[in-house]
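This report concerns only the one structure given below.
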Amino acid sequence: MAFAHGVTPSEIAAAIGPGLAKAALVAEVDGRQWDLFRPIDGNAQLRIITRKDPEALELIRHDTAHVLAMAVQQLFPGTQVTIGPAIEDGFYYDFARNEPFTPDDLPKIEAKMREIVKADLPTRREVWPRDKAIEHFEQMGEHYKAEIIRDLPRDEEVSIYWHGDWHDLCRGPHFASTGKVGDAFKLTKIAGAYWRGDARNAQLQRIYGTAWRDQKELEAYLHKLEEQEKRDHRKLGKELELFTFSPDVGAGLPLWMPNGMVIRQELEFLALQEERKEGYKRVATPHITKEALFYRSRHLPYYKDDMYAPLDIDGENYYLRPMNCPFHHLVYGATRHSYRELPLRITEYAQDYRYEASGGLSGLMRVRGFCMNDAHIYCRYDQAKDEFVRVMHLHAHYYELMGIKNYYMRFSLPDLNKLEKYIDQPDKWITAMNIIKEAMKESGYPYVEAEGEAAFYGPKVDFMIRSVIGTEYAISTNQLDFLATQTFDLTYIGEDGAEHPVYVIHRAPLGTHERFTAFLTEHYAAAFPVWLAPIQVRVIPITERVNEYAQKVVNRLFETPVVNGTAGLRVDIDTSNERMQKKIRDAQLKKIPYMLVVGEREAAEGRVAVRLRSGKDLGAMPLDAFVSRVKTEAESRIDMPD
RNA sequence: GCCGGAGUAGCGUAGUGGUAGCGCAACCCCUUGGUAAGGGGUAGGUCGUGAGUUCGAUUCUCACCUCCGGCACCA
């Protein structure tokens, strides 16, 4: 027997209470199985989990969920319990109850929970015969629990955990008593949630909470949440006037304000440059089309409910486009293509409309009108892997440029149990998946596989990020399509003079302007690098007497040509009737990268005093030196270190 | 779409069955100040929209719109 941390049996006893020391031994069978009450396998390595161990968090959270369920059932008799797992940072428990919980209930429930913890009720584990357990829970009116037991694998033990005289079906493990939950927990929110995650089922009421080992950890967590809220793109977007919405226009239809438009355009210049280097060719196609096109592409009726309703034009249905693929396919199909021309890369920053579910809309992250960094690559089968790799490298280039590290790549595969959602051509799926696998292997980028996340026409690699409030989104994508060649008759003439099918790669490394800008706003906390900053330089004259010189500085910067397509540097001046300190504060709050403080001294010497957004004072420098610095940063898209 | 919560000036907020305050921003005046808020004044709101209850609705009720927290969905 090996004990972790050199803990002695008497210390165990002290930690969990006399008489239970033996039961508190935790078996580590496969590195993650803990059980306080199951008989310990003689071969298993033994260790002890106390509240102080990092591994204890999951146990604490699960125990807290139980205490929550106890409290709720005591306060609201007749409420059914369902499941209550530990999750990242906390736990939840789903309840079935006719009356909804209200925010006012949370403090009451929390108070009851603290009573239960204080009572330090002992935990007891029992194993019941399956039939007895089902009958027992049915009799109690706990129909969801009975259903869970019915669905348990035949060989799985039905374990019941008691905390005092309250009990629950549970796989465990749990600490030896409710007192081990401690006081570092807090109920955070009430939500609706479907039974078994299926919208066709009844909706339950979920209560979320957070739980930690001690108050310090809890406070640190709550503080972190507060800090994250400050980065929320919806808040920053409003403060910095990046975008807005209007109920008169409609939900999910953003209005880009001048500051936001700068970011949008700079991203587009970036894509234009990089895509030109990569041999892409730009096109422009309409935002609406006859419905026949989407039937041909098979998007209708797959996505009918997620599209804006059609416009009836002279008796014919026209749809706002939810994506651009068919249009590009038609461009490809408008001419005959030799194998010599391939790969043909067609690109468009294209406006699309999707009637997304109203409840899913969120700032710029999830919208109904958006502009996509789209392109379709038409290539021979033997070119597909290399093209896929090239696109992966393009992604990497963008991500590196913007310092985006907090993401992962998801290899999105079909769900073979839901073939109705995917084109039923198993051979094509396998070939396509192998091509991506090889491409990923060659490129060396790490990824995770996810079943049931593929597009209906092929597998893909999605780049997954999290918004500041924790929601996961795909921000970029790289997809392989084996269907388009069939539906749109996309071919090329090979060396043999015969027609051959093409592979189509759909890719959007910069995603949509909407989501990408939302992400970048949170990524940079709106302190955008010079190339993206809506205002790059603010000139701050100290007194009215130097306004004229300050204006000259502005003009000089404004007229400084910058490659990348911008006409000149984005500069403004603060001639308001305020003290310099106030002007600095205002510029600071707008997160403007450079403040040029000019007074009599600078005016006399043709210099500017440079203050960075970081607060660092670079002192006075000749205007020429400053111009060259900012120009370099804007053109290279890389800010100089402070 | 579903469950719950919310909508008061550009932004952030207080408040009430008898038609509304505060701070910041805006504008004007004084101040001409050297690296995160100088002082004074002015203007700005049919309290999300519509209907109902009432002598009277921003306040109560209903519907709709929009937003927020989840769930479901996400080509």
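Starting from 1 in every chain, residues are counted up; chains themselves are A, B, ... following the order of the structure tokens, and ligands are numbered from 1 as listed.
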
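Within range 187-246 of chain A, DSSP run on the backbone puts these residues in helix (DSSP H, G or I): Trp195, Arg196, Gly197, Gln215, Lys216, Glu217, Leu218, Glu219, Ala220, Tyr221, Leu222, His223, Lys224, Leu225, Glu226, Glu227, Gln228, Glu229, Lys230, Arg231, His233, Arg234, Lys235, Leu236, Gly237, Lys238 and Glu239 of chain A.
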
Export, as a short mmCIF file (atom, residue, chain, number, x, y, z; two decimals), in the first residue's frame, the selected residues with N, CA and C atoms.
data_model
loop_
_atom_site.label_atom_id
_atom_site.label_comp_id
_atom_site.auth_asym_id
_atom_site.auth_seq_id
_atom_site.Cartn_x
_atom_site.Cartn_y
_atom_site.Cartn_z
N TRP A 195 -34.26 17.56 -20.86
CA TRP A 195 -33.94 16.23 -20.34
C TRP A 195 -33.13 15.47 -21.39
N ARG A 196 -31.99 15.00 -21.00
CA ARG A 196 -31.07 14.25 -21.85
C ARG A 196 -30.61 15.07 -23.05
N GLY A 197 -30.62 16.40 -22.90
CA GLY A 197 -30.08 17.26 -23.94
C GLY A 197 -30.83 17.21 -25.26
N GLN A 215 -12.22 29.88 0.49
CA GLN A 215 -12.74 31.21 0.12
C GLN A 215 -11.82 31.93 -0.84
N LYS A 216 -10.52 31.75 -0.63
CA LYS A 216 -9.56 32.47 -1.46
C LYS A 216 -9.71 32.05 -2.93
N GLU A 217 -9.88 30.76 -3.13
CA GLU A 217 -10.06 30.27 -4.50
C GLU A 217 -11.37 30.77 -5.09
N LEU A 218 -12.40 30.76 -4.27
CA LEU A 218 -13.71 31.23 -4.73
C LEU A 218 -13.63 32.70 -5.14
N GLU A 219 -13.00 33.50 -4.28
CA GLU A 219 -12.89 34.92 -4.58
C GLU A 219 -12.07 35.17 -5.83
N ALA A 220 -10.99 34.38 -5.98
CA ALA A 220 -10.14 34.52 -7.16
C ALA A 220 -10.95 34.22 -8.42
N TYR A 221 -11.80 33.21 -8.32
CA TYR A 221 -12.63 32.83 -9.47
C TYR A 221 -13.62 33.93 -9.80
N LEU A 222 -14.29 34.45 -8.76
CA LEU A 222 -15.27 35.51 -9.00
C LEU A 222 -14.61 36.76 -9.56
N HIS A 223 -13.40 37.01 -9.09
CA HIS A 223 -12.65 38.16 -9.59
C HIS A 223 -12.31 37.96 -11.07
N LYS A 224 -11.93 36.73 -11.41
CA LYS A 224 -11.60 36.42 -12.80
C LYS A 224 -12.81 36.67 -13.70
N LEU A 225 -13.99 36.27 -13.22
CA LEU A 225 -15.20 36.50 -14.00
C LEU A 225 -15.42 37.99 -14.24
N GLU A 226 -15.20 38.77 -13.19
CA GLU A 226 -15.38 40.22 -13.32
C GLU A 226 -14.42 40.79 -14.36
N GLU A 227 -13.17 40.32 -14.30
CA GLU A 227 -12.17 40.81 -15.25
C GLU A 227 -12.56 40.42 -16.67
N GLN A 228 -13.08 39.21 -16.84
CA GLN A 228 -13.47 38.76 -18.17
C GLN A 228 -14.62 39.60 -18.71
N GLU A 229 -15.53 39.96 -17.82
CA GLU A 229 -16.66 40.77 -18.25
C GLU A 229 -16.20 42.07 -18.90
N LYS A 230 -15.08 42.58 -18.42
CA LYS A 230 -14.57 43.85 -18.96
C LYS A 230 -14.10 43.69 -20.40
N ARG A 231 -13.77 42.46 -20.80
CA ARG A 231 -13.30 42.23 -22.16
C ARG A 231 -14.43 41.87 -23.10
N HIS A 233 -16.88 41.63 -25.84
CA HIS A 233 -16.90 42.46 -27.04
C HIS A 233 -18.17 43.29 -27.15
N ARG A 234 -19.25 42.84 -26.50
CA ARG A 234 -20.49 43.62 -26.57
C ARG A 234 -20.35 44.91 -25.80
N LYS A 235 -19.68 44.81 -24.64
CA LYS A 235 -19.44 45.99 -23.81
C LYS A 235 -18.43 46.92 -24.49
N LEU A 236 -17.30 46.34 -24.94
CA LEU A 236 -16.27 47.14 -25.58
C LEU A 236 -16.75 47.70 -26.91
N GLY A 237 -17.56 46.93 -27.60
CA GLY A 237 -18.07 47.38 -28.89
C GLY A 237 -18.93 48.62 -28.75
N LYS A 238 -19.62 48.69 -27.63
CA LYS A 238 -20.46 49.85 -27.35
C LYS A 238 -19.59 51.03 -26.92
N GLU A 239 -18.69 50.76 -26.00
CA GLU A 239 -17.84 51.84 -25.47
C GLU A 239 -16.98 52.47 -26.56
#

Q: List the neighbours of U61 in chain B out to 12 Å using only C-alpha atoms (C1' of nucleotides); skip same-chain residues closer than 4 positions along the sequence, and give me the result as a VMD selection string.
A: chain B and resid 51 to 54 57

Expected file: the selected residues, N, CA and C atoms (P, O5', C5', C4', C3', O3' and C1' of nucleotides), as a compact mmCIF listing (two decimals), in the first residue's frame:
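part_21.txt was written with the following content:
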# COMPACT_ATOMS: atom_id res chain seq x y z
P A B 51 -52.41 51.94 -28.94
O5' A B 51 -53.09 50.70 -28.19
C5' A B 51 -54.16 50.00 -28.81
C4' A B 51 -54.50 48.76 -28.02
C3' A B 51 -55.24 48.97 -26.70
O3' A B 51 -56.62 49.22 -26.87
C1' A B 51 -53.51 47.41 -26.37
P G B 52 -57.40 50.09 -25.71
O5' G B 52 -57.41 49.12 -24.46
C5' G B 52 -58.22 47.94 -24.46
C4' G B 52 -57.96 47.13 -23.23
C3' G B 52 -58.36 47.77 -21.90
O3' G B 52 -59.74 47.66 -21.64
C1' G B 52 -56.20 46.80 -21.71
P U B 53 -60.47 48.71 -20.67
O5' U B 53 -59.85 48.42 -19.23
C5' U B 53 -60.19 47.21 -18.54
C4' U B 53 -59.54 47.22 -17.17
C3' U B 53 -59.79 48.47 -16.34
O3' U B 53 -61.04 48.43 -15.67
C1' U B 53 -57.49 47.94 -16.29
P U B 54 -62.02 49.75 -15.70
O5' U B 54 -61.19 50.84 -14.87
C5' U B 54 -60.87 50.63 -13.51
C4' U B 54 -59.93 51.70 -13.02
C3' U B 54 -60.35 53.13 -13.32
O3' U B 54 -61.30 53.62 -12.39
C1' U B 54 -58.07 52.84 -13.88
P A B 57 -53.68 56.76 -18.03
O5' A B 57 -52.12 56.86 -17.74
C5' A B 57 -51.55 57.09 -16.46
C4' A B 57 -50.22 56.39 -16.41
C3' A B 57 -49.77 55.77 -17.72
O3' A B 57 -48.37 55.77 -17.77
C1' A B 57 -50.11 54.07 -16.11

Q.
Select, as a PyMOL selection string, those residues of chain B with any atom no more than 7 Å from chain A (distances computed using only C-alpha atoms (C1' of nucleotides)).
A. chain B and resi 1+3-4+32-33+35-37+65-66+70-73+75

How would the residues just chosen look if you wrote them out with C-alpha atoms (C1' of nucleotides) as a compact mmCIF listing (two decimals), in the first residue's frame?
# COMPACT_ATOMS: atom_id res chain seq x y z
C1' G B 1 -37.22 27.93 -30.89
C1' C B 3 -37.10 27.99 -19.78
C1' G B 4 -36.07 32.21 -16.76
C1' U B 32 -3.81 77.90 -20.61
C1' G B 33 -2.83 73.58 -17.51
C1' U B 35 1.56 62.60 -18.92
C1' A B 36 -5.26 58.84 -16.16
C1' A B 37 -10.90 63.23 -14.26
C1' C B 65 -40.04 43.89 -30.21
C1' U B 66 -35.08 43.84 -28.34
C1' G B 70 -28.73 28.89 -19.94
C1' C B 71 -30.64 24.73 -23.12
C1' A B 72 -31.39 23.13 -28.11
C1' C B 73 -29.58 24.49 -33.03
C1' A B 75 -23.99 24.60 -43.95

Q: Using DSSP on the backbone coordinates, identify all residues within range 238-374 of chain A classified as strand (DSSP E or B); present the result as a PyMOL selection string.
A: chain A and resi 243-244+255-256+280-282+288-290+311-313+316-320+338+344-353+362+366+369-374

Q.
I'd like the contact shell of range 286-293 of chain A - 6 Å cut-off, only C-alpha atoms (C1' of nucleotides), skipping same-chain residues fewer than 3 positions apart - returned as a PyMOL selection string.
A. chain A and resi 296+317-321

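When the distance limit is 7 Å and only C-alpha atoms (C1' of nucleotides) are what count, the residues near range 503-513 of chain A, minus those fewer than 3 positions from it on the same chain, are Arg264, Phe370, Cys371, Met372, Asn373, Asp374, Ala375, His376, Ile377, Tyr378, Cys379, Arg380, Tyr381, Ala384, His395, Ile475, Ser476, Thr477, Asn478, Gln479, Leu480, Asp481, Phe482, Ala484, Thr485, Phe516 and Thr517 of chain A.
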
Output the selection as a PDB file, in the first residue's frame - C-alpha atoms for each residue.
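Heads up, here's the output in selection-v8.pdb:
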ATOM      1  CA  ARG A 264     -13.263  45.061 -40.885  1.00  0.00           C
ATOM      2  CA  PHE A 370     -22.509  38.419 -41.809  1.00  0.00           C
ATOM      3  CA  CYS A 371     -19.652  38.722 -44.249  1.00  0.00           C
ATOM      4  CA  MET A 372     -17.497  35.673 -44.805  1.00  0.00           C
ATOM      5  CA  ASN A 373     -13.838  35.346 -45.763  1.00  0.00           C
ATOM      6  CA  ASP A 374     -14.891  32.653 -48.190  1.00  0.00           C
ATOM      7  CA  ALA A 375     -13.076  30.823 -50.966  1.00  0.00           C
ATOM      8  CA  HIS A 376     -13.435  27.605 -52.886  1.00  0.00           C
ATOM      9  CA  ILE A 377     -10.509  25.709 -54.241  1.00  0.00           C
ATOM     10  CA  TYR A 378     -11.154  23.418 -57.190  1.00  0.00           C
ATOM     11  CA  CYS A 379      -8.450  20.818 -57.597  1.00  0.00           C
ATOM     12  CA  ARG A 380      -7.634  17.350 -58.809  1.00  0.00           C
ATOM     13  CA  TYR A 381      -7.937  14.523 -56.327  1.00  0.00           C
ATOM     14  CA  ALA A 384      -6.354  17.869 -52.529  1.00  0.00           C
ATOM     15  CA  HIS A 395      -4.493  29.759 -41.048  1.00  0.00           C
ATOM     16  CA  ILE A 475     -14.012  30.831 -35.847  1.00  0.00           C
ATOM     17  CA  SER A 476     -12.272  29.449 -38.928  1.00  0.00           C
ATOM     18  CA  THR A 477     -12.828  26.412 -41.080  1.00  0.00           C
ATOM     19  CA  ASN A 478     -11.186  24.246 -43.739  1.00  0.00           C
ATOM     20  CA  GLN A 479     -13.484  21.748 -45.456  1.00  0.00           C
ATOM     21  CA  LEU A 480     -13.283  19.033 -48.055  1.00  0.00           C
ATOM     22  CA  ASP A 481     -16.312  18.572 -50.322  1.00  0.00           C
ATOM     23  CA  PHE A 482     -16.848  15.465 -52.465  1.00  0.00           C
ATOM     24  CA  ALA A 484     -20.197  19.490 -55.324  1.00  0.00           C
ATOM     25  CA  THR A 485     -18.555  17.786 -58.254  1.00  0.00           C
ATOM     26  CA  PHE A 516     -13.591  37.458 -36.061  1.00  0.00           C
ATOM     27  CA  THR A 517     -13.900  41.065 -34.964  1.00  0.00           C
TER      28      THR A 517
END

(Q) Taking 3 positions as the minimum chain separation for residues in the same chain, which residues sit within 9 Å of range 635-637 of chain A when counting only C-alpha atoms (C1' of nucleotides)? Answer as a list in words. (A)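 Skipping anything fewer than 3 positions along the chain leaves Leu401, Met402, Pro529, Val530, Trp531, Leu532, Val562, Val563, Asn564, Val630, Lys631 and Thr632 of chain A.
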
Q. Just how far from CA of Glu58 in chain A is CA of Phe76 in chain A, in Å to one decimal?
A.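 That distance, rounded to one decimal, is 26.7 Å.
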
Q) Expressed in Å to a single decimal, how great is the separation between CA of Gly164 in chain A and CA of His62 in chain A? A)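 We find that CA of Gly164 in chain A and CA of His62 in chain A lie 16.6 Å from each other.
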
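As for CA of Tyr549 in chain A and CA of Leu596 in chain A, they are spaced 11.8 Å apart.
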